[in-house]
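Chemist: Next comes structure_0.cif, mmCIF, C-alpha atoms:
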data_structure
loop_
_atom_site.label_atom_id
_atom_site.label_comp_id
_atom_site.auth_asym_id
_atom_site.auth_seq_id
_atom_site.Cartn_x
_atom_site.Cartn_y
_atom_site.Cartn_z
CA MET A 74 0.00 0.00 0.00
CA LYS A 75 1.34 3.43 -0.96
CA GLU A 76 2.39 5.70 1.93
CA TYR A 77 -0.11 8.38 0.88
CA VAL A 78 -2.94 5.83 0.99
CA LYS A 79 -1.83 4.65 4.45
CA LYS A 80 -1.85 8.22 5.79
CA LYS A 81 -5.29 9.00 4.37
CA LYS A 82 -6.65 5.68 5.67
CA GLU A 83 -5.41 6.48 9.17
CA MET A 84 -6.87 9.98 8.97
CA PHE A 85 -10.29 8.60 7.97
CA LYS A 86 -10.13 6.08 10.81
CA VAL A 87 -9.83 8.99 13.26
CA TYR A 88 -12.58 10.97 11.51
CA ASN A 89 -14.95 7.99 11.60
CA ASP A 90 -14.71 7.96 15.39
CA ILE A 91 -16.37 11.40 15.51
CA ILE A 92 -18.92 11.30 12.67
CA LEU A 93 -22.54 10.28 12.80
CA SER A 94 -23.08 6.65 11.85
CA GLY A 95 -25.93 5.70 9.54
CA GLU A 96 -25.12 8.41 7.00
CA ILE A 97 -23.73 8.28 3.43
CA VAL A 98 -20.13 7.51 2.45
CA ILE A 99 -18.48 7.97 -0.93
CA PHE A 100 -15.33 5.88 -1.26
CA GLY A 101 -13.47 6.54 -4.48
CA THR A 102 -10.30 7.57 -6.19
CA ALA A 103 -8.86 10.78 -7.64
CA PHE A 104 -12.03 12.17 -9.23
CA PHE A 105 -14.04 12.10 -6.02
CA GLU A 106 -11.14 13.03 -3.73
CA SER A 107 -11.35 16.64 -4.92
CA TYR A 108 -15.08 16.64 -5.65
CA PRO A 109 -17.00 19.29 -3.61
CA ILE A 110 -19.39 16.80 -2.00
CA TYR A 111 -19.83 18.63 1.28
CA GLU A 112 -20.59 21.96 -0.39
CA LEU A 113 -23.06 20.43 -2.84
CA GLY A 114 -24.72 18.39 -0.10
CA LYS A 115 -25.36 21.59 1.83
CA ARG A 116 -26.64 23.33 -1.31
CA TYR A 117 -29.26 20.64 -1.94
CA LEU A 118 -30.32 20.19 1.69
CA MET A 119 -29.58 16.47 1.87
CA THR A 120 -31.40 14.49 4.54
CA HIS A 121 -28.18 12.60 5.35
CA ALA A 122 -24.65 13.80 5.92
CA VAL A 123 -22.37 12.80 3.04
CA TYR A 124 -18.82 11.84 4.02
CA ASN A 125 -16.12 11.68 1.38
CA ARG A 126 -13.62 8.91 2.03
CA SER A 127 -11.93 9.06 -1.38
CA ILE A 128 -8.18 8.68 -1.81
CA GLY A 129 -6.49 9.78 -5.02
CA GLY A 130 -4.51 7.03 -6.72
CA ILE A 131 -6.01 4.18 -4.70
CA THR A 132 -6.44 0.86 -6.49
CA ALA A 133 -9.27 -1.56 -5.79
CA GLY A 134 -6.77 -3.83 -4.01
CA GLU A 135 -5.66 -1.00 -1.73
CA ALA A 136 -9.31 -0.05 -1.20
CA LEU A 137 -9.97 -3.57 0.02
CA GLU A 138 -7.16 -3.15 2.57
CA ALA A 139 -8.50 0.28 3.62
CA LEU A 140 -12.19 -0.73 3.66
CA GLU A 141 -12.38 -1.21 7.43
CA ASP A 142 -10.92 2.19 8.31
CA CYS A 143 -12.48 4.23 5.50
CA VAL A 144 -15.96 2.71 5.24
CA ILE A 145 -16.94 -0.02 7.67
CA SER A 146 -16.08 1.98 10.79
CA ALA A 147 -18.38 4.76 9.49
CA LYS A 148 -21.34 2.32 9.43
CA PRO A 149 -23.07 4.08 6.51
CA CYS A 150 -26.68 3.57 5.47
CA LYS A 151 -25.58 4.04 1.84
CA LEU A 152 -22.20 3.53 0.24
CA PHE A 153 -21.11 4.83 -3.15
CA LEU A 154 -18.03 3.03 -4.50
CA ALA A 155 -16.10 4.83 -7.22
CA LEU A 156 -13.03 2.63 -7.69
CA GLY A 157 -11.16 1.33 -10.72
CA GLU A 158 -9.75 4.59 -12.04
CA HIS A 159 -6.19 3.45 -11.23
CA ASP A 160 -6.59 -0.24 -12.00
CA ALA A 161 -5.83 -2.33 -15.02
CA ALA A 162 -8.80 -3.97 -16.73
CA ASP A 163 -7.97 -7.49 -15.59
CA GLU A 164 -9.11 -10.34 -13.38
CA LYS A 165 -7.50 -8.71 -10.32
CA LEU A 166 -9.92 -5.78 -10.60
CA ALA A 167 -12.89 -8.17 -10.72
CA GLU A 168 -11.51 -10.19 -7.81
CA ASP A 169 -10.87 -7.10 -5.64
CA TYR A 170 -14.26 -5.51 -6.43
CA ARG A 171 -16.03 -8.80 -5.73
CA GLU A 172 -14.28 -9.08 -2.37
CA ILE A 173 -15.09 -5.45 -1.45
CA LEU A 174 -18.77 -6.03 -2.20
CA LYS A 175 -18.86 -9.38 -0.34
CA LYS A 176 -17.15 -7.99 2.73
CA THR A 177 -19.37 -4.91 2.79
CA SER A 178 -22.57 -6.94 2.55
CA ARG A 179 -21.34 -9.39 5.21
CA VAL A 180 -20.24 -6.73 7.73
CA LEU A 181 -22.84 -4.05 6.87
CA PRO A 182 -25.90 -6.06 5.80
CA ASN A 183 -28.27 -3.07 6.03
CA THR A 184 -26.09 -0.75 3.93
CA LYS A 185 -27.30 -0.06 0.39
CA VAL A 186 -24.28 -0.15 -1.95
CA TYR A 187 -24.06 1.65 -5.28
CA VAL A 188 -21.13 1.26 -7.66
CA LEU A 189 -20.26 4.25 -9.82
CA SER A 190 -18.73 3.98 -13.27
CA VAL A 191 -15.05 4.70 -13.86
CA PRO A 192 -14.40 8.14 -15.41
CA ALA A 193 -13.04 8.14 -18.96
CA VAL A 194 -9.76 9.73 -17.79
CA SER A 195 -8.33 6.23 -17.65
CA THR A 196 -7.33 4.63 -20.96
CA SER A 197 -8.91 1.39 -19.80
CA ALA A 198 -12.11 2.97 -18.40
CA GLU A 199 -14.41 1.22 -20.86
CA GLU A 200 -12.91 -2.20 -20.13
CA CYS A 201 -12.88 -1.53 -16.37
CA ASN A 202 -16.54 -0.51 -16.47
CA SER A 203 -17.40 -3.70 -18.32
CA ILE A 204 -15.63 -5.81 -15.68
CA ILE A 205 -17.22 -3.88 -12.81
CA LYS A 206 -20.71 -4.17 -14.37
CA ASP A 207 -20.25 -7.95 -14.56
CA VAL A 208 -19.28 -8.09 -10.88
CA CYS A 209 -22.30 -5.94 -10.00
CA ARG A 210 -24.61 -8.33 -11.88
CA GLU A 211 -23.06 -11.31 -10.06
CA THR A 212 -23.45 -9.69 -6.66
CA ASN A 213 -26.82 -8.02 -7.32
CA THR A 214 -25.33 -4.55 -6.72
CA GLU A 215 -26.66 -1.46 -8.45
CA PHE A 216 -24.28 0.05 -11.02
CA ILE A 217 -24.69 3.76 -11.84
CA GLU A 218 -23.32 4.99 -15.16
CA LEU A 219 -22.29 8.62 -14.68
CA ASP A 220 -21.56 11.26 -17.29
CA TYR A 221 -18.36 12.75 -15.91
CA ASN A 222 -18.46 15.48 -18.55
CA LEU A 223 -21.24 17.19 -16.61
CA GLU A 224 -20.32 20.11 -14.38
CA SER A 225 -19.98 19.24 -10.67
CA GLN A 226 -23.41 20.56 -9.76
CA SER A 227 -25.23 18.57 -12.45
CA LEU A 228 -23.32 15.40 -11.62
CA PHE A 229 -24.23 15.80 -7.95
CA LYS A 230 -27.91 16.25 -8.89
CA CYS A 231 -27.76 12.85 -10.62
CA LEU A 232 -26.09 11.25 -7.59
CA SER A 233 -28.40 12.92 -5.07
CA LEU A 234 -31.36 11.04 -6.49
CA TYR A 235 -29.77 7.87 -5.07
CA MET A 236 -28.80 9.56 -1.81
CA ARG A 237 -32.34 10.41 -0.79
CA ASP A 238 -34.76 8.38 1.26
CA GLY A 239 -37.96 8.09 -0.73
CA ARG A 240 -39.28 10.29 -3.46
CA LEU A 241 -38.52 13.91 -4.21
CA THR A 242 -41.05 16.48 -3.11
CA MET A 243 -42.20 19.02 -5.68
CA CYS A 244 -40.32 21.72 -3.76
CA GLU A 245 -37.08 19.66 -3.82
CA ALA A 246 -37.47 19.03 -7.55
CA PHE A 247 -37.79 22.76 -8.25
CA ASN A 248 -34.70 23.46 -6.11
CA MET A 249 -32.70 21.03 -8.20
CA VAL A 250 -33.51 22.76 -11.48
#
Take the structure in this file and express it as structure tokens.
Modeler:
Amino acid sequence: MKEYVKKKKEMFKVYNDIILSGEIVIFGTAFFESYPIYELGKRYLMTHAVYNRSIGGITAGEALEALEDCVISAKPCKLFLALGEHDAADEKLAEDYREILKKTSRVLPNTKVYVLSVPAVSTSAEECNSIIKDVCRETNTEFIELDYNLESQSLFKCLSLYMRDGRLTMCEAFNMV
């Protein structure tokens, strides 16, 4: 595991001791590490806190090693996984993703897990997405195909539909426009 990943993992372990459990966690790589999740969550009056546990450059294998400290200790009600950006499109990616999903469902059986597509910044994004979709089908996990070309606010609007409990009210829908 890279030193940077170890340091971030340890930092999140400390943070997870002071956060509210039963909220939303996004665990991803470079794209989501710098994504303004907190600011956008406040803008759209989310019913749950959204905690960003993303680590730039993390591979799915490293994410598996960091899963306990970054995600499981937070005990989220919903988890958004955005991994694969720094992986090769190979059997190791499928194996690591499968193990992440199995461990999450075993340890956090009441957590709803969503897997987000890999951004096209990676040369193997299309192949990685194909592999990840197959793993999601095998494990009955919802895969969300995102258009990463959208501006941050529009992309968050798409994600926030999955972050909510229940349907949008008419007032909430107008606020999102």
Chemist: Pick out the residues sitting within 7 Å of region 182-188 of chain A, and hand them over as number ranges by chain; count all atoms listed in the file, and ignore anything fewer than 6 positions along from it in its own chain.
Modeler: A: 149-155, 214-217
Chemist: What's around Gly129 (chain A) at 6 Å? Count all atoms listed in the file, leave out sequence neighbours fewer than 2 positions away in its own chain, and write the answer as number ranges by chain.
Modeler: A: 102-103, 106, 131
Chemist: For Lys165 (chain A), work out the shell of residues within 12 Å, counting only C-alpha atoms and skipping chain neighbours fewer than 6 positions away, then give it as a short mmCIF file (atom, residue, chain, number, x, y, z; two decimals) with C-alpha atoms, in the frame of the given file.
Modeler:
data_model
loop_
_atom_site.label_atom_id
_atom_site.label_comp_id
_atom_site.auth_asym_id
_atom_site.auth_seq_id
_atom_site.Cartn_x
_atom_site.Cartn_y
_atom_site.Cartn_z
CA THR A 132 -6.44 0.86 -6.49
CA ALA A 133 -9.27 -1.56 -5.79
CA GLY A 134 -6.77 -3.83 -4.01
CA GLU A 135 -5.66 -1.00 -1.73
CA LEU A 137 -9.97 -3.57 0.02
CA GLY A 157 -11.16 1.33 -10.72
CA ARG A 171 -16.03 -8.80 -5.73
CA GLU A 172 -14.28 -9.08 -2.37
CA CYS A 201 -12.88 -1.53 -16.37
CA ILE A 204 -15.63 -5.81 -15.68
CA ILE A 205 -17.22 -3.88 -12.81
CA VAL A 208 -19.28 -8.09 -10.88
#
Chemist: Name the closest residue to Ser197 (chain A) among the candidates A:Leu140, A:Thr177, A:Asp90, A:Glu158; distances are taken between atoms, counting only C-alpha atoms.
Modeler: A:Glu158
Chemist: List the residues sitting within 6 Å of (-12.7, 4.3, -0.8) in the file's frame, using only C-alpha atoms, as a PyMOL selection string.
Modeler: chain A and resi 100-101+126-127+136
Chemist: Let's have the selection written as an mmCIF file, in the coordinates of the input, with C-alpha atoms.
Modeler:
data_model
loop_
_atom_site.group_PDB
_atom_site.id
_atom_site.type_symbol
_atom_site.label_atom_id
_atom_site.label_comp_id
_atom_site.auth_asym_id
_atom_site.auth_seq_id
_atom_site.Cartn_x
_atom_site.Cartn_y
_atom_site.Cartn_z
ATOM 1 C CA PHE A 100 -15.330 5.880 -1.260
ATOM 2 C CA GLY A 101 -13.470 6.540 -4.480
ATOM 3 C CA ARG A 126 -13.620 8.910 2.030
ATOM 4 C CA SER A 127 -11.930 9.060 -1.380
ATOM 5 C CA ALA A 136 -9.310 -0.050 -1.200
#
Chemist: Applied to the shown file, which residues does the PyMOL selection byres ((chain A and resi 142) around 8) return, written as a PyMOL selection string?
Modeler: chain A and resi 82-83+85-86+89+139-141+143-147
Chemist: Give me, please, the distance in Å between CA of Gly95 (chain A) and CA of Leu181 (chain A), quoted to one decimal.
Modeler: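 For CA of Gly95 (chain A) relative to CA of Leu181 (chain A), the distance reads 10.6 Å.
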Chemist: Record the distance separating CA of Val194 (chain A) and CA of Asp160 (chain A), expressed in Å with one decimal.
Modeler: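 Result for CA of Val194 (chain A) versus CA of Asp160 (chain A): 12.0 Å, one decimal.
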Chemist: So, counting all atoms listed in the file, which residue among A:Thr196, A:Glu96, A:Val123, A:Asp207 is closest to Glu164 (chain A)?
Modeler: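 Checking each candidate against Glu164 (chain A), we get A:Asp207 as the closest.
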Chemist: Identify which of the residues A:Ile97, A:Leu223, A:Tyr124, A:Asn213 lies closest to Glu112 (chain A), counting only C-alpha atoms when measuring atom-to-atom distances.
Modeler: A:Tyr124
Chemist: Identify, on the basis of all atoms listed in the file, every residue whose closest approach to Asp238 (chain A) does not exceed 9 Å; exclude the query and any residue fewer than 3 positions from it along the same chain; express the result as an MDAnalysis selection string.
Modeler: chainID A and resid 120:121 234:235 241
Chemist: One decimal, in Å: what's the spacing between CA of Ile99 (chain A) and CA of Met119 (chain A)?
Modeler: 14.3 Å
Chemist: Between A:Tyr111, A:Thr212, A:Ser225, A:Ser94, which is the closest to Lys176 (chain A) once you count all atoms listed in the file?
Modeler: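 For Lys176 (chain A), the nearest of the candidates is A:Thr212.
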Chemist: From the options A:Leu219, A:Ala162, A:Cys209, A:Val78, which residue's atoms come nearest to Pro192 (chain A), counting all atoms listed in the file?
Modeler: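 Closest to Pro192 (chain A), using all atoms listed in the file: A:Leu219.
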Chemist: Under the rule that only C-alpha atoms are counted, which of A:Tyr170, A:Leu156, A:Phe104, A:Arg237 is the nearest residue to Asn222 (chain A)?
Modeler: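 Once distances to Asn222 (chain A) are computed over only C-alpha atoms, the minimum belongs to A:Phe104.
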Chemist: Kindly compute an axis-aligned box around the listed atoms of region 206-225 of chain A, allowing 8 Å on each side, and express its centre and edge lengths in Å to one decimal as lines of an AutoDock Vina configuration file.
Modeler:
center_x = -22.6
center_y = 4.4
center_z = -12.6
size_x = 24.5
size_y = 47.4
size_z = 27.9
Chemist: Using the structure block above, produce a file of region 92-105 of chain A that contains all heavy atoms, as a short mmCIF file (atom, residue, chain, number, x, y, z; two decimals), in the first residue's frame.
Modeler:
data_model
loop_
_atom_site.label_atom_id
_atom_site.label_comp_id
_atom_site.auth_asym_id
_atom_site.auth_seq_id
_atom_site.Cartn_x
_atom_site.Cartn_y
_atom_site.Cartn_z
N ILE A 92 -17.78 11.00 13.55
CA ILE A 92 -18.92 11.30 12.67
C ILE A 92 -20.18 10.60 13.16
O ILE A 92 -20.14 9.74 14.03
CB ILE A 92 -18.63 10.90 11.20
CG1 ILE A 92 -18.48 9.37 11.07
CG2 ILE A 92 -17.42 11.63 10.67
CD1 ILE A 92 -18.46 8.88 9.65
N LEU A 93 -21.28 10.96 12.54
CA LEU A 93 -22.54 10.28 12.80
C LEU A 93 -22.57 8.98 12.00
O LEU A 93 -22.24 8.98 10.81
CB LEU A 93 -23.72 11.15 12.35
CG LEU A 93 -23.88 12.50 13.02
CD1 LEU A 93 -24.90 13.34 12.27
CD2 LEU A 93 -24.29 12.30 14.46
N SER A 94 -22.95 7.89 12.62
CA SER A 94 -23.08 6.65 11.85
C SER A 94 -24.47 6.65 11.19
O SER A 94 -25.34 7.44 11.54
CB SER A 94 -22.88 5.42 12.73
OG SER A 94 -23.85 5.38 13.74
N GLY A 95 -24.65 5.78 10.23
CA GLY A 95 -25.93 5.70 9.54
C GLY A 95 -26.13 6.78 8.49
O GLY A 95 -27.26 7.08 8.10
N GLU A 96 -25.04 7.36 8.02
CA GLU A 96 -25.12 8.41 7.00
C GLU A 96 -24.59 7.85 5.68
O GLU A 96 -24.56 6.64 5.50
CB GLU A 96 -24.33 9.64 7.47
CG GLU A 96 -24.83 10.22 8.80
CD GLU A 96 -26.27 10.72 8.78
OE1 GLU A 96 -26.70 11.30 7.77
OE2 GLU A 96 -26.97 10.55 9.79
N ILE A 97 -24.17 8.69 4.77
CA ILE A 97 -23.73 8.28 3.43
C ILE A 97 -22.22 8.43 3.31
O ILE A 97 -21.67 9.44 3.76
CB ILE A 97 -24.44 9.11 2.35
CG1 ILE A 97 -25.95 8.85 2.40
CG2 ILE A 97 -23.87 8.81 0.96
CD1 ILE A 97 -26.77 9.79 1.53
N VAL A 98 -21.57 7.45 2.70
CA VAL A 98 -20.13 7.51 2.45
C VAL A 98 -19.88 7.32 0.96
O VAL A 98 -20.46 6.44 0.33
CB VAL A 98 -19.38 6.42 3.26
CG1 VAL A 98 -17.93 6.30 2.80
CG2 VAL A 98 -19.44 6.72 4.75
N ILE A 99 -19.00 8.16 0.43
CA ILE A 99 -18.48 7.97 -0.93
C ILE A 99 -17.02 7.56 -0.77
O ILE A 99 -16.24 8.25 -0.12
CB ILE A 99 -18.59 9.24 -1.78
CG1 ILE A 99 -20.06 9.57 -2.02
CG2 ILE A 99 -17.86 9.06 -3.10
CD1 ILE A 99 -20.30 10.80 -2.87
N PHE A 100 -16.68 6.41 -1.35
CA PHE A 100 -15.33 5.88 -1.26
C PHE A 100 -14.84 5.69 -2.69
O PHE A 100 -15.29 4.81 -3.41
CB PHE A 100 -15.34 4.55 -0.51
CG PHE A 100 -13.99 3.95 -0.23
CD1 PHE A 100 -12.91 4.73 0.13
CD2 PHE A 100 -13.81 2.58 -0.31
CE1 PHE A 100 -11.66 4.17 0.40
CE2 PHE A 100 -12.58 2.00 -0.03
CZ PHE A 100 -11.51 2.80 0.33
N GLY A 101 -13.93 6.58 -3.10
CA GLY A 101 -13.47 6.54 -4.48
C GLY A 101 -12.02 6.90 -4.62
O GLY A 101 -11.25 6.89 -3.67
N THR A 102 -11.68 7.26 -5.86
CA THR A 102 -10.30 7.57 -6.19
C THR A 102 -10.15 9.07 -6.49
O THR A 102 -10.86 9.88 -5.93
CB THR A 102 -9.83 6.71 -7.37
OG1 THR A 102 -10.68 6.97 -8.49
CG2 THR A 102 -9.87 5.24 -7.05
N ALA A 103 -9.25 9.39 -7.38
CA ALA A 103 -8.86 10.78 -7.64
C ALA A 103 -10.03 11.71 -7.97
O ALA A 103 -10.11 12.81 -7.46
CB ALA A 103 -7.82 10.82 -8.76
N PHE A 104 -10.94 11.28 -8.83
CA PHE A 104 -12.03 12.17 -9.23
C PHE A 104 -12.82 12.64 -8.02
O PHE A 104 -13.08 13.83 -7.86
CB PHE A 104 -12.96 11.48 -10.23
CG PHE A 104 -14.09 12.37 -10.67
CD1 PHE A 104 -13.92 13.24 -11.73
CD2 PHE A 104 -15.30 12.36 -10.00
CE1 PHE A 104 -14.95 14.09 -12.12
CE2 PHE A 104 -16.33 13.20 -10.38
CZ PHE A 104 -16.16 14.07 -11.44
N PHE A 105 -13.20 11.73 -7.16
CA PHE A 105 -14.04 12.10 -6.02
C PHE A 105 -13.24 12.68 -4.84
O PHE A 105 -13.81 13.32 -3.97
CB PHE A 105 -14.91 10.93 -5.56
CG PHE A 105 -16.11 10.78 -6.44
CD1 PHE A 105 -16.15 9.79 -7.41
CD2 PHE A 105 -17.18 11.64 -6.33
CE1 PHE A 105 -17.25 9.68 -8.25
CE2 PHE A 105 -18.28 11.52 -7.16
CZ PHE A 105 -18.31 10.54 -8.12
#
